[in-house]
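Input: a single structure, listed below in structure tokens.
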Protein chains: 4
Amino acid sequence: MQQIEAIINDKRFQNAIIGVILLNAVVLGLLTLQSLSPAVRTVLEWIDHACLVVFVAELVMKLLVLRGSFFRDGWNVFDFAVVAIALMPNTGALSVLRALRVLRVMRLATVIPSMRRVLNGMFAALPGGASVAGILFILYYVGAIVGTTMFRGDSPHFSDIGTTFFTLFQLMTLEGWNSIAETVMDDKPQAWAFFVVFIVFTNFTTLNLLFGIIVDAMEAAKEEEVREALAGEGVEIGEASSELRLARMEEDVKHIRTTLEAMKAQARAG
Amino acid sequence: MQQIEAIINDKRFQNAIIGVILLNAVVLGLLTLQSLSPAVRTVLEWIDHACLVVFVAELVMKLLVLRGSFFRDGWNVFDFAVVAIALMPNTGALSVLRALRVLRVMRLATVIPSMRRVLNGMFAALPGGASVAGILFILYYVGAIVGTTMFRGDSPHFSDIGTTFFTLFQLMTLEGWNSIAETVMDDKPQAWAFFVVFIVFTNFTTLNLLFGIIVDAMEAAKEEEVREALAGEGVEIGEASSELRLARMEEDVKHIRTTLEAMKAQARAG
Amino acid sequence: MQQIEAIINDKRFQNAIIGVILLNAVVLGLLTLQSLSPAVRTVLEWIDHACLVVFVAELVMKLLVLRGSFFRDGWNVFDFAVVAIALMPNTGALSVLRALRVLRVMRLATVIPSMRRVLNGMFAALPGGASVAGILFILYYVGAIVGTTMFRGDSPHFSDIGTTFFTLFQLMTLEGWNSIAETVMDDKPQAWAFFVVFIVFTNFTTLNLLFGIIVDAMEAAKEEEVREALAGEGVEIGEASSELRLARMEEDVKHIRTTLEAMKAQARAG
Amino acid sequence: MQQIEAIINDKRFQNAIIGVILLNAVVLGLLTLQSLSPAVRTVLEWIDHACLVVFVAELVMKLLVLRGSFFRDGWNVFDFAVVAIALMPNTGALSVLRALRVLRVMRLATVIPSMRRVLNGMFAALPGGASVAGILFILYYVGAIVGTTMFRGDSPHFSDIGTTFFTLFQLMTLEGWNSIAETVMDDKPQAWAFFVVFIVFTNFTTLNLLFGIIVDAMEAAKEEEVREALAGEGVEIGEASSELRLARMEEDVKHIRTTLEAMKAQARAG
């Protein structure tokens, strides 16, 4: 068991896995070409299966070593799901899963440490955006009900609530919003208010959401960097944010000034 | 009366209200489906009315407790307006109000504390953007008069000042600006200047506006967090912005250095 | 002369001017309506002329007081130009100037102090973006020459260098870039590289430019605020940027630490 | 040899080169005009060749002085490539290189110091975005394989992997994404998920990438400025980032406070 653990943690083993993922990515890319001769296609399919075998083996090794704690890491769950999808029989209704085998390529981002760090940073910043995302969803839900109820008869873009949700996404991306709006406004000229309000509010909220997540992730990355650099100097700075630490430093400085002035007065008096 | 106040402030009561809002949201969503059997539709309408009764009861309770100070909180005014709209007779000219009952779903954002905080932050940041918004409005107004006066005969998009305002919004979103511009430029080739200038200026000003509001709201949220954390440590930092506090700390540090050097010189002399 | 100066600097006089600008703005807006009766139109034109007389009077008063230094303030030059345009005979080739009289509405932004501050901040931040703007212009110039030379025969959008410049602006706004690209790619399939490269580079550079100017203006506004607040406390912090001042404070703190440790060692030794 | 070095470093020589680049830029612009008489065209071509001769001479001088270290500076490599392209015979398959001679205009950005600084800042910030760019590329690659495999038969936009890559770029720019999506959704209504997911993820990742590079470049520029200003005051602050230096200052301040309190206690005791 310890041997398996040693293999898993070996840098060379990890690089080999990265190599297999890259190989698999290239093979999956080549398989989209329609000009392939049947022989070449068979070879490529064979390599694809071989890659899958490697992934299954890697997964089994990790499962043997980590056991219960395996599923505590979200990336392991992702790897497991990706391999499980690839192992399912892709016949009948499940044939769409065949296309999803390409998700294995995404394992690249979870295996290369620097990309994994970026993804971790983004996921860690997501909860901070939950409230803004909730507001955005409410805007969409209200917009979908208002749009479906009021414009159902005026445009096929608002025929039912599912279609309206898609239309609202389209409005948010601004793509073709004017032609949708004009169709509706032919019947209901005051409908411009709905479109302008929805576009302004969702775009503002989306920008707020994206911006918040990106800035949070960037700041967390920087504080992590500072933390590591200081740990290397034997200094620990705890979990407080840089703003909080700055405010505490202010308190320290004020205190130093008062103490020093008291000492000076004392020295003069003494 | 104190009993009512106790109920209103009870966490379970507030969660129950959130539950009713969610239920109402789902019902309003289901009511947009056209395939509903009349029986189901009647039941859903009945639940919708029941939810409204709950909201009215909640509002009356709050009014009884808070009395005059009820309307001082903007969210209460919003809740009141939303319920008032729902109670109006939706016949004839007011039938559009029926669609607005969905605004009740928006109460969700005002009842869930974390979303309310985000909205409060945004509203608090709005005044800081007033000047930029004013400049944006002036750009629109000037653009609307110039566009209507000069291109009235060249394109239906500039036929009157109301239409031109809508067209300018479309130009700002960039959607279809090229086809509008080309129609006008067929008659007046120099009109490109109007379109390029308007697009560049309004997009810059809008970005400035959104960016300013978002950054302000984010910074205020952070300072609020620091303030709360420090209050928990028994330290108060007043209303000054972090930049101002930083500048004051600089002064303190400079003063400490001078004092210390004076003390050192004194010690050496003494 | 001092009397005139007193009038110009009188708050009530300035508010009266703001009122006249607003009145003029409303009148110019109403004049775009085509349903006006000739009588109303005549009255509105008359009010417009009266507003112009007020502006000329204000300008003459300022010129009398400020004399040579009048033209040193960019806003005065703007006001002068706006009034000068309005006074020109709008006949024949100059009839387009009639539409430009609406620029007087823009004086609003130069007369209301808070908007003027925002505009000053933006203009002050412009030079910082000069290099990025220069790079953007070079990208455009190179793109225009390459596009005109290579695609002249493939699409009317690249027929001559002026048209190409307009097309490139359209590409940068992303509006309809795909249909322009597809027309060209029918003849020259490799042309996708030109479009992708141009779009990526100009959008990145533009974002960089806008972002730089907005952030600079925001930071300058904040430092100005801190400077004013500290001036009220009798403290001056010079022209250094907050980053530079922070770095200097670091030096001070390091120096304090060294001095203090020397004093401690001395005290222990003494 | 030292004479040549003196010439190269002479400010007037550098300004002369800028002048020649500008002249060449104007000439290349004029050459795109089709209304030129053959005589004028001949003169312009002649000037273009003369400019090229100057560039070759400048390059040879630099090569003579710098020898091996010439190619260590990326800008020199760029200059060399640009001149090399211009010297190639532009016949037959290479005639497209004729259009690329306009790249010489880009030398302007590498010769004017302030633009060069901006470009250097951007290039220096690029590696920080490598992980995010990698994630973006994986998204594209997975999207291209999924799109080609699933929608090959539904829309010409997904006919082969190369076309799909171009289509995905179009989706990312949002231009015309709705009409592409609708064509596919006529056959496969669930395809909306692919489009919405791809658009949201790539736009978020792209924004993250651009934002990261721009902010990094801006911060590096500011630290460089502070470093130069402090170097002028005889102070050096090393290579540490401003966040790290701030955290170190916190440590210093905490240490000062502790030392000072110890001294005070000692003084009281003594």
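How things are named: the first chain in the structure tokens is A, the next is B, and so on; residues count from 1 in each chain; ligands count from 1 in the order shown.
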Item to check | Nearby residues (only C-alpha atoms) at most 12 Å from Thr110 of chain C, same-chain spacing under 2 positions excluded, as a PyMOL selection string | outcome: (chain B and resi 131+134-135+138) or (chain C and resi 14+17-18+21+73-79+82+103-108+112-120)
Using N, CA, C and O atoms, can you write the selected residues to a file as a short mmCIF file (atom, residue, chain, number, x, y, z; two decimals), in the first residue's frame?
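As written to disk, result.cif reads:
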data_model
loop_
_atom_site.label_atom_id
_atom_site.label_comp_id
_atom_site.auth_asym_id
_atom_site.auth_seq_id
_atom_site.Cartn_x
_atom_site.Cartn_y
_atom_site.Cartn_z
N SER B 131 -22.87 62.27 -10.53
CA SER B 131 -22.28 63.22 -11.48
C SER B 131 -22.00 62.54 -12.81
O SER B 131 -22.27 63.11 -13.87
N GLY B 134 -25.15 62.04 -14.56
CA GLY B 134 -25.59 63.32 -15.12
C GLY B 134 -24.91 63.60 -16.44
O GLY B 134 -25.56 64.01 -17.42
N ILE B 135 -23.60 63.36 -16.50
CA ILE B 135 -22.86 63.58 -17.74
C ILE B 135 -23.39 62.66 -18.83
O ILE B 135 -23.58 63.05 -19.98
N ILE B 138 -26.63 64.03 -20.13
CA ILE B 138 -26.40 65.18 -21.02
C ILE B 138 -25.96 64.68 -22.40
O ILE B 138 -26.44 65.17 -23.44
N GLN C 14 -24.54 82.41 -10.58
CA GLN C 14 -24.17 81.12 -11.18
C GLN C 14 -25.39 80.20 -11.28
O GLN C 14 -25.57 79.50 -12.28
N ILE C 17 -27.50 81.23 -14.17
CA ILE C 17 -26.95 80.74 -15.44
C ILE C 17 -27.32 79.27 -15.65
O ILE C 17 -27.75 78.86 -16.74
N ILE C 18 -27.19 78.47 -14.57
CA ILE C 18 -27.60 77.06 -14.67
C ILE C 18 -29.07 76.97 -15.09
O ILE C 18 -29.44 76.17 -15.96
N ILE C 21 -29.40 77.70 -18.77
CA ILE C 21 -28.94 76.57 -19.58
C ILE C 21 -30.02 75.49 -19.61
O ILE C 21 -30.34 74.92 -20.67
N ASP C 73 -8.15 78.93 -19.05
CA ASP C 73 -9.01 77.84 -18.56
C ASP C 73 -9.72 77.17 -19.75
O ASP C 73 -10.43 77.83 -20.50
N GLY C 74 -9.48 75.88 -19.91
CA GLY C 74 -10.05 75.15 -21.04
C GLY C 74 -11.57 75.27 -21.11
O GLY C 74 -12.14 75.35 -22.21
N TRP C 75 -12.24 75.31 -19.94
CA TRP C 75 -13.71 75.40 -19.96
C TRP C 75 -14.17 76.72 -20.54
O TRP C 75 -15.19 76.78 -21.23
N ASN C 76 -13.43 77.81 -20.27
CA ASN C 76 -13.78 79.10 -20.85
C ASN C 76 -13.68 79.05 -22.37
O ASN C 76 -14.53 79.59 -23.07
N VAL C 77 -12.61 78.39 -22.86
CA VAL C 77 -12.43 78.26 -24.30
C VAL C 77 -13.63 77.50 -24.88
O VAL C 77 -14.20 77.89 -25.92
N PHE C 78 -14.04 76.42 -24.18
CA PHE C 78 -15.20 75.65 -24.63
C PHE C 78 -16.45 76.53 -24.68
O PHE C 78 -17.16 76.55 -25.69
N ASP C 79 -16.70 77.29 -23.60
CA ASP C 79 -17.87 78.17 -23.56
C ASP C 79 -17.83 79.18 -24.70
O ASP C 79 -18.84 79.44 -25.37
N VAL C 82 -18.62 77.50 -28.02
CA VAL C 82 -20.03 77.15 -28.13
C VAL C 82 -20.88 78.38 -28.49
O VAL C 82 -21.76 78.32 -29.36
N LEU C 103 -24.92 72.08 -28.52
CA LEU C 103 -23.74 71.92 -27.67
C LEU C 103 -23.81 72.80 -26.44
O LEU C 103 -23.17 72.54 -25.43
N ARG C 104 -24.63 73.88 -26.55
CA ARG C 104 -24.80 74.76 -25.38
C ARG C 104 -25.30 73.99 -24.17
O ARG C 104 -25.01 74.34 -23.04
N VAL C 105 -26.08 72.92 -24.43
CA VAL C 105 -26.59 72.11 -23.32
C VAL C 105 -25.43 71.50 -22.54
O VAL C 105 -25.50 71.32 -21.32
N MET C 106 -24.34 71.22 -23.25
CA MET C 106 -23.17 70.62 -22.60
C MET C 106 -22.54 71.57 -21.59
O MET C 106 -21.77 71.12 -20.74
N ARG C 107 -22.84 72.86 -21.72
CA ARG C 107 -22.29 73.81 -20.74
C ARG C 107 -22.73 73.43 -19.33
O ARG C 107 -22.07 73.74 -18.36
N LEU C 108 -23.87 72.72 -19.24
CA LEU C 108 -24.37 72.28 -17.95
C LEU C 108 -23.29 71.52 -17.18
O LEU C 108 -23.07 71.74 -15.98
N ILE C 112 -21.97 72.99 -13.46
CA ILE C 112 -22.27 72.33 -12.19
C ILE C 112 -20.96 71.78 -11.62
O ILE C 112 -20.29 70.97 -12.26
N PRO C 113 -20.57 72.25 -10.42
CA PRO C 113 -19.23 71.93 -9.89
C PRO C 113 -18.91 70.43 -9.83
O PRO C 113 -17.82 70.01 -10.19
N SER C 114 -19.88 69.59 -9.37
CA SER C 114 -19.55 68.17 -9.19
C SER C 114 -19.26 67.49 -10.52
O SER C 114 -18.37 66.65 -10.63
N MET C 115 -20.03 67.86 -11.58
CA MET C 115 -19.77 67.29 -12.90
C MET C 115 -18.44 67.80 -13.46
O MET C 115 -17.68 67.06 -14.08
N ARG C 116 -18.19 69.09 -13.22
CA ARG C 116 -16.95 69.68 -13.70
C ARG C 116 -15.75 68.96 -13.09
O ARG C 116 -14.74 68.73 -13.75
N ARG C 117 -15.89 68.59 -11.79
CA ARG C 117 -14.81 67.87 -11.13
C ARG C 117 -14.58 66.52 -11.79
O ARG C 117 -13.43 66.12 -12.02
N VAL C 118 -15.67 65.82 -12.09
CA VAL C 118 -15.53 64.51 -12.75
C VAL C 118 -14.83 64.67 -14.10
O VAL C 118 -13.89 63.94 -14.42
N LEU C 119 -15.28 65.67 -14.89
CA LEU C 119 -14.67 65.90 -16.19
C LEU C 119 -13.20 66.27 -16.05
O LEU C 119 -12.35 65.78 -16.78
N ASN C 120 -12.89 67.16 -15.08
CA ASN C 120 -11.50 67.53 -14.85
C ASN C 120 -10.66 66.29 -14.54
O ASN C 120 -9.55 66.14 -15.04
#
Next on the checklist: Could you tell me which residues of chain C sit within 9 Å of chain B when counting only C-alpha atoms, and give me the result as a ChimeraX atom specification?
Outcome noted: /C:25,28-29,31-34,96,99-100,102-106,108-109,114-119,166,169-170,173-176,210-211,214-215,218,222-223,225-227,229-230,235,237,242,245-246,248-249,252-253,255-256,259-260,263
Checklist entry - Near Glu45 of chain B, counting only C-alpha atoms, which residues have an atom at most 9 Å away, once you skip same-chain residues fewer than 4 positions from it, shown as a list in words? => result Val27, Leu28, Leu31, Val40, Arg41, His49 and Ala50 of chain B
Checklist entry - Among segment 27-137 of chain A, which ones does DSSP place in alpha helix (DSSP H), written as a count of residues only? => result 78
Next on the checklist: Measuring between only C-alpha atoms, which one of B:Arg101, B:Glu233, B:Thr163, B:Met172 shows the shortest distance to Gln190 of chain A?
Outcome noted: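 The answer is B:Thr163, which sits nearest to Gln190 of chain A.
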Checklist entry - For the atom pair atom CA of Val111 of chain A and atom CA of Thr167 of chain D, what is the interatomic distance in Å to one decimal place? => result 28.2 Å
